[in-house]
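The structure under discussion appears below in the form of structure tokens.
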Amino acid sequence: MNYTLSTKENAQPTKLWSSIKTLAPQLKGERKILTIALIATLTTTAVTLGAPLIIAYVLDTYITQLQFAGVLPFAGLLLVLYFISFGTQYIEIKLMGGVGQRVIFRLREQIFSTLQSLPLAFFDANKTGDIISRINNDTQKLDTLFSQVLVRLVGIVFSMFGAVVLLLVLHFTLGLAAIAPAFVVLLCTYLASPWLKRTSTAALAATGNLSAQVSESLQNFKVVAAFNRRDFFREKFAEANDANYSAAVRAALASDTLTPLYTFATNLAQLTVLAYGLYLIGIDSLTIGILVSYLVYVNNLYNPLQQLASLWTNVQSALASWDRITNILRIENNLQILPATESTSSVSKNNCHVQFKDVSFSYTPGSDVLSNVSFELERGHTYALVGPTGGGKTTTASLMARLYDPTAGTIYLDGVDIRTLTIEERTNKIGFILQEPILFSGTIKENILYGNTKLRDYSSDELTETIKQAGLSTLLSRFKDGLDVPISTSTDALSLGQKQLIAFMRTVLREPELIILDEATANIDTVTEDLLEDILNKLPQSTTKVVIAHRLNTIENADVIYFVNATSVTKAGNMQAAVELLQEESQNS
């Protein structure tokens with residue numbers, strides 16, 4: 001399955017109505033609030049459309065007749081209507097602001113939950129910065145859509161529609177002259193919409209690439225500083241920044257292109273109404289009050305039309321963001337849990353703990369890392385995987401832990417297809433210690449208990465006693481404040497070796513049936529390595545251990561050594577045979 005998210009600037013966005021159709025379910029549960037906000041918007045629009053009629057009536061009935069006493073009641077009425085409009089606008093803004101925040105809150109949780117469910121292959125294929133940009137920047141665009149644009153857009157449409165109806169009702173021919181430029185503008189807006197969305201998509205993609213570049217340089221800044229390659233990352237950042245600048249400029253130009261057209265259409269409509277209206281007054285076909293109301297309604301038509309240009313750009317940008325978000329939401333984890341009856345191993349559970357049967361695997365199609373591999377690991381034995389760098393040792397171990405699924409063949413654990421085990425069952429059975437341990441912000445205690453359903457409610461005293469019983473007290477004593485030592489992923493307060501000790505304690509306390517050590521002692525001194533070896537030897541005799549290491553002394557006590565290279569896994573025999581295979585491979589390369 002292809003997990004790569006589209007980040008190309010020329011990626012084709014989905015069609016307008018398709019995007020709207022998929023976005024609409026995000027408003028589920030907000031129907032009552034939306035209804036109230038819509039009523040408030042329509043009330044505001046009604047006041048806006050009704051006021052000019054009152055003004056026209058007052059002009060023709062009282063002011064032109066110099067009966068100014070009749071003006072005051074209508075002035076009071078207008079004041080009341082304007083206060084009502086003020087209140088309904090406030091209600092609309094407050095309600096839609098809440099709708100926007102709630103929708104984005106739920107959407108971000110949905111995105112994060114989706115990310116949490118995806119396999120490692122997804123994160124291997126995509127840049128962290130681009131993913132973060134989709135969670136932060138793209139959802140912010142949708143927040144603007146829901147909290148500011150959506151109801152305003154509805155209000156503008158009703159205001160324009162009402163203005164058109166009133167213009168035609170008050171004087172049909174003058175109304176046609178007033179609205180003619182609007183049709184030209186709307187046609188241009190419709191034709192420009194795909195272009196606006198395309199430029200917005202390109203700008204968002206460029207922003208995501210810029211975020212990815214910043215993330216990469218900061219995450220690896222220690223290496224950058226050590227090798228004095230600041231110039232390299234400056235150049236890389238400059239390229240990403242230039243691309244982002246160019247895309248942003250194109251998007252800004254696209255969004256502002258229609259503004260002069262809207263302004264010209266407004267001026268043309270006002271001039272047409274004024275000239276033609278004065279002519280109609282001259283032939284007694286129109287009153288002064290109606291002409292004044294016409295000019296107001298022209299503004300009520302074209303000012304919203306100008307706002308529509310800006311709002312429509314926001315809509316296109318938000319829908320482009322939604323396309324990028326749905327690229328994540330529509331991805332499904334291909335590491336599905338199969339029915340328990342799907343397949344079972346022909347090997348007895350008592351004899352075999354792990355079995356690879358005709359297993360093939362590739363990260364990219366056509367480039368196999370393993371090809372038709374079959375071997376068995378018996379319970380309670382220690383196995384070593386040796387081979388040249390890039391030969392497939394870590395891949396083989398990752399398949400045992402089902403971090404990936406094979407592209408062909410089957411892997412069995414305890415005689416059953418590993419794909420039939422739930423995530424909890426699999427993680428309880430398998431412990432994996434990586435060369436670069438992953439810790440989380442918190443304390444040593446919180447990191448040790450991470451993912452341990454059995455001990456997660458233990459107090460510090462109970463956990464300390466458990467650590468003592470497991471023979472791990474010596475490891476814990478390496479930390480001055482014991483379990484309360486704070487850990488931050490953004491600092492280097494702990495050495496890599498200390499982090500490895502915490503990861504070691506975390507794994508051993510879970511008492512897994514299969515423990516995989518991928519260069520787990522590479523960053524640890526010899527004395528501590530011997531201590532860890534003693535702890536491993538005290539694990540239950542039924543525990544199966546798989547060790548990946550380049551240092552031969554680390555694997556000298558292994559019961560069986562497998563040589564992993566060139567898509568195959570072969571039994572190497574004793575230590576001397578493994579050394580000869582490594583030397584032969586080194587000479588060939």
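Convention: chains lettered A, B, ... in structure tokens order; per-chain residue numbering from 1; ligands numbered from 1 as shown.
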
Shell of 8 Å around Pro437 of chain A, only C-alpha atoms, local chain residues under 3 positions omitted, as a list in words: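 Contacts, with the query itself left out: Ile433, Leu434, Leu496, Lys499, Gln500 and Ala503 of chain A.
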
Can I get the selected residues back with N, CA and C atoms, as a PDB file, in the first residue's frame?
```pdb
ATOM      1  N   ILE A 433      13.933  -3.638  22.058  1.00  0.00           N
ATOM      2  CA  ILE A 433      14.829  -2.572  22.518  1.00  0.00           C
ATOM      3  C   ILE A 433      15.669  -2.125  21.330  1.00  0.00           C
ATOM      4  N   LEU A 434      15.514  -0.854  20.965  1.00  0.00           N
ATOM      5  CA  LEU A 434      16.180  -0.316  19.784  1.00  0.00           C
ATOM      6  C   LEU A 434      17.556   0.241  20.136  1.00  0.00           C
ATOM      7  N   LEU A 496      22.926   9.002  26.029  1.00  0.00           N
ATOM      8  CA  LEU A 496      22.264   7.964  25.234  1.00  0.00           C
ATOM      9  C   LEU A 496      22.292   6.629  25.975  1.00  0.00           C
ATOM     10  N   LYS A 499      19.590   6.654  28.667  1.00  0.00           N
ATOM     11  CA  LYS A 499      18.283   6.431  28.043  1.00  0.00           C
ATOM     12  C   LYS A 499      18.097   4.953  27.702  1.00  0.00           C
ATOM     13  N   GLN A 500      19.187   4.311  27.290  1.00  0.00           N
ATOM     14  CA  GLN A 500      19.098   2.899  26.952  1.00  0.00           C
ATOM     15  C   GLN A 500      18.782   2.046  28.185  1.00  0.00           C
ATOM     16  N   ALA A 503      15.079   2.310  28.800  1.00  0.00           N
ATOM     17  CA  ALA A 503      14.354   1.476  27.831  1.00  0.00           C
ATOM     18  C   ALA A 503      14.503  -0.002  28.177  1.00  0.00           C
TER      19      ALA A 503
END
```

Non-local contacts of Thr544 of chain A (10 Å; only C-alpha atoms; under 3 positions in same chain excluded) as a PDB file with N, CA and C atoms, in the first residue's frame:
```
ATOM      1  N   HIS A 353       8.648 -21.284  18.712  1.00  0.00           N
ATOM      2  CA  HIS A 353       8.111 -20.024  19.201  1.00  0.00           C
ATOM      3  C   HIS A 353       7.823 -19.066  18.052  1.00  0.00           C
ATOM      4  N   VAL A 354       8.803 -18.899  17.163  1.00  0.00           N
ATOM      5  CA  VAL A 354       8.658 -18.015  16.002  1.00  0.00           C
ATOM      6  C   VAL A 354       9.002 -18.808  14.753  1.00  0.00           C
ATOM      7  N   LEU A 377      12.542 -20.362  15.256  1.00  0.00           N
ATOM      8  CA  LEU A 377      13.185 -20.039  16.528  1.00  0.00           C
ATOM      9  C   LEU A 377      12.455 -20.798  17.631  1.00  0.00           C
ATOM     10  N   GLU A 378      13.198 -21.603  18.373  1.00  0.00           N
ATOM     11  CA  GLU A 378      12.579 -22.390  19.446  1.00  0.00           C
ATOM     12  C   GLU A 378      12.499 -21.571  20.731  1.00  0.00           C
ATOM     13  N   ARG A 379      11.501 -21.864  21.515  1.00  0.00           N
ATOM     14  CA  ARG A 379      11.253 -21.137  22.758  1.00  0.00           C
ATOM     15  C   ARG A 379      12.429 -21.324  23.735  1.00  0.00           C
ATOM     16  N   GLY A 380      12.807 -20.229  24.406  1.00  0.00           N
ATOM     17  CA  GLY A 380      13.812 -20.284  25.450  1.00  0.00           C
ATOM     18  C   GLY A 380      15.247 -20.250  24.967  1.00  0.00           C
ATOM     19  N   HIS A 381      15.482 -20.149  23.673  1.00  0.00           N
ATOM     20  CA  HIS A 381      16.842 -20.111  23.146  1.00  0.00           C
ATOM     21  C   HIS A 381      17.238 -18.663  22.829  1.00  0.00           C
ATOM     22  N   THR A 382      18.553 -18.456  22.697  1.00  0.00           N
ATOM     23  CA  THR A 382      19.076 -17.138  22.316  1.00  0.00           C
ATOM     24  C   THR A 382      19.598 -17.227  20.890  1.00  0.00           C
ATOM     25  N   TYR A 383      19.125 -16.307  20.061  1.00  0.00           N
ATOM     26  CA  TYR A 383      19.498 -16.288  18.650  1.00  0.00           C
ATOM     27  C   TYR A 383      20.189 -14.965  18.329  1.00  0.00           C
ATOM     28  N   ILE A 430       5.861  -9.505  23.009  1.00  0.00           N
ATOM     29  CA  ILE A 430       7.117  -9.140  22.349  1.00  0.00           C
ATOM     30  C   ILE A 430       7.667  -7.841  22.930  1.00  0.00           C
ATOM     31  N   PRO A 512       8.223  -9.958  28.602  1.00  0.00           N
ATOM     32  CA  PRO A 512       7.775 -10.486  27.306  1.00  0.00           C
ATOM     33  C   PRO A 512       8.272 -11.906  27.080  1.00  0.00           C
ATOM     34  N   GLU A 513       7.550 -12.634  26.261  1.00  0.00           N
ATOM     35  CA  GLU A 513       7.956 -13.989  25.917  1.00  0.00           C
ATOM     36  C   GLU A 513       9.079 -13.984  24.883  1.00  0.00           C
ATOM     37  N   LEU A 514       9.086 -12.962  24.044  1.00  0.00           N
ATOM     38  CA  LEU A 514      10.125 -12.785  23.032  1.00  0.00           C
ATOM     39  C   LEU A 514      10.719 -11.399  23.209  1.00  0.00           C
ATOM     40  N   ILE A 515      12.037 -11.325  23.395  1.00  0.00           N
ATOM     41  CA  ILE A 515      12.692 -10.035  23.564  1.00  0.00           C
ATOM     42  C   ILE A 515      13.715  -9.863  22.449  1.00  0.00           C
ATOM     43  N   ILE A 516      13.625  -8.712  21.745  1.00  0.00           N
ATOM     44  CA  ILE A 516      14.497  -8.421  20.608  1.00  0.00           C
ATOM     45  C   ILE A 516      15.398  -7.259  20.995  1.00  0.00           C
ATOM     46  N   LEU A 539      16.224 -13.969  33.127  1.00  0.00           N
ATOM     47  CA  LEU A 539      14.849 -14.001  32.629  1.00  0.00           C
ATOM     48  C   LEU A 539      14.351 -15.440  32.639  1.00  0.00           C
ATOM     49  N   PRO A 540      13.043 -15.645  32.637  1.00  0.00           N
ATOM     50  CA  PRO A 540      12.508 -17.016  32.617  1.00  0.00           C
ATOM     51  C   PRO A 540      13.120 -17.847  31.491  1.00  0.00           C
ATOM     52  N   GLN A 541      13.322 -19.125  31.764  1.00  0.00           N
ATOM     53  CA  GLN A 541      13.945 -19.991  30.767  1.00  0.00           C
ATOM     54  C   GLN A 541      13.123 -20.101  29.482  1.00  0.00           C
TER      55      GLN A 541
END
```

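When only C-alpha atoms are used to measure the gap to Ser460 of chain A, the shortest distance among A:Glu436, A:Asp358, A:Asp414, A:Asp484 belongs to A:Asp484.
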
Nearest-residue call for Leu483 of chain A, choices A:Ile93, A:Lys454, A:Cys352, A:Ile448, using only C-alpha atoms: A:Ile448

Residues of segment 4-181 of chain A in alpha helix (DSSP H), written as an MDAnalysis selection string: chainID A and resid 16:23 31:58 71:117 120:125 128:133 139:144 150:170 172:181

List the spatial neighbours of Thr199 of chain A as a JSON list (two decimals) with C-alpha atoms, in the first residue's frame - criterion: any atom at most 8 Å away, only C-alpha atoms, same-chain residues fewer than 5 positions off excluded.
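The resulting file, part13.json, is shown below:
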```
[["chain", "number", "residue", "atom", "x", "y", "z"],
["A", 247, "ALA", "CA", 3.87, 29.95, -4.14],
["A", 250, "ARG", "CA", 1.13, 33.43, -6.74],
["A", 251, "ALA", "CA", -1.68, 32.62, -4.31],
["A", 254, "ALA", "CA", -4.65, 35.04, -7.62]]
```
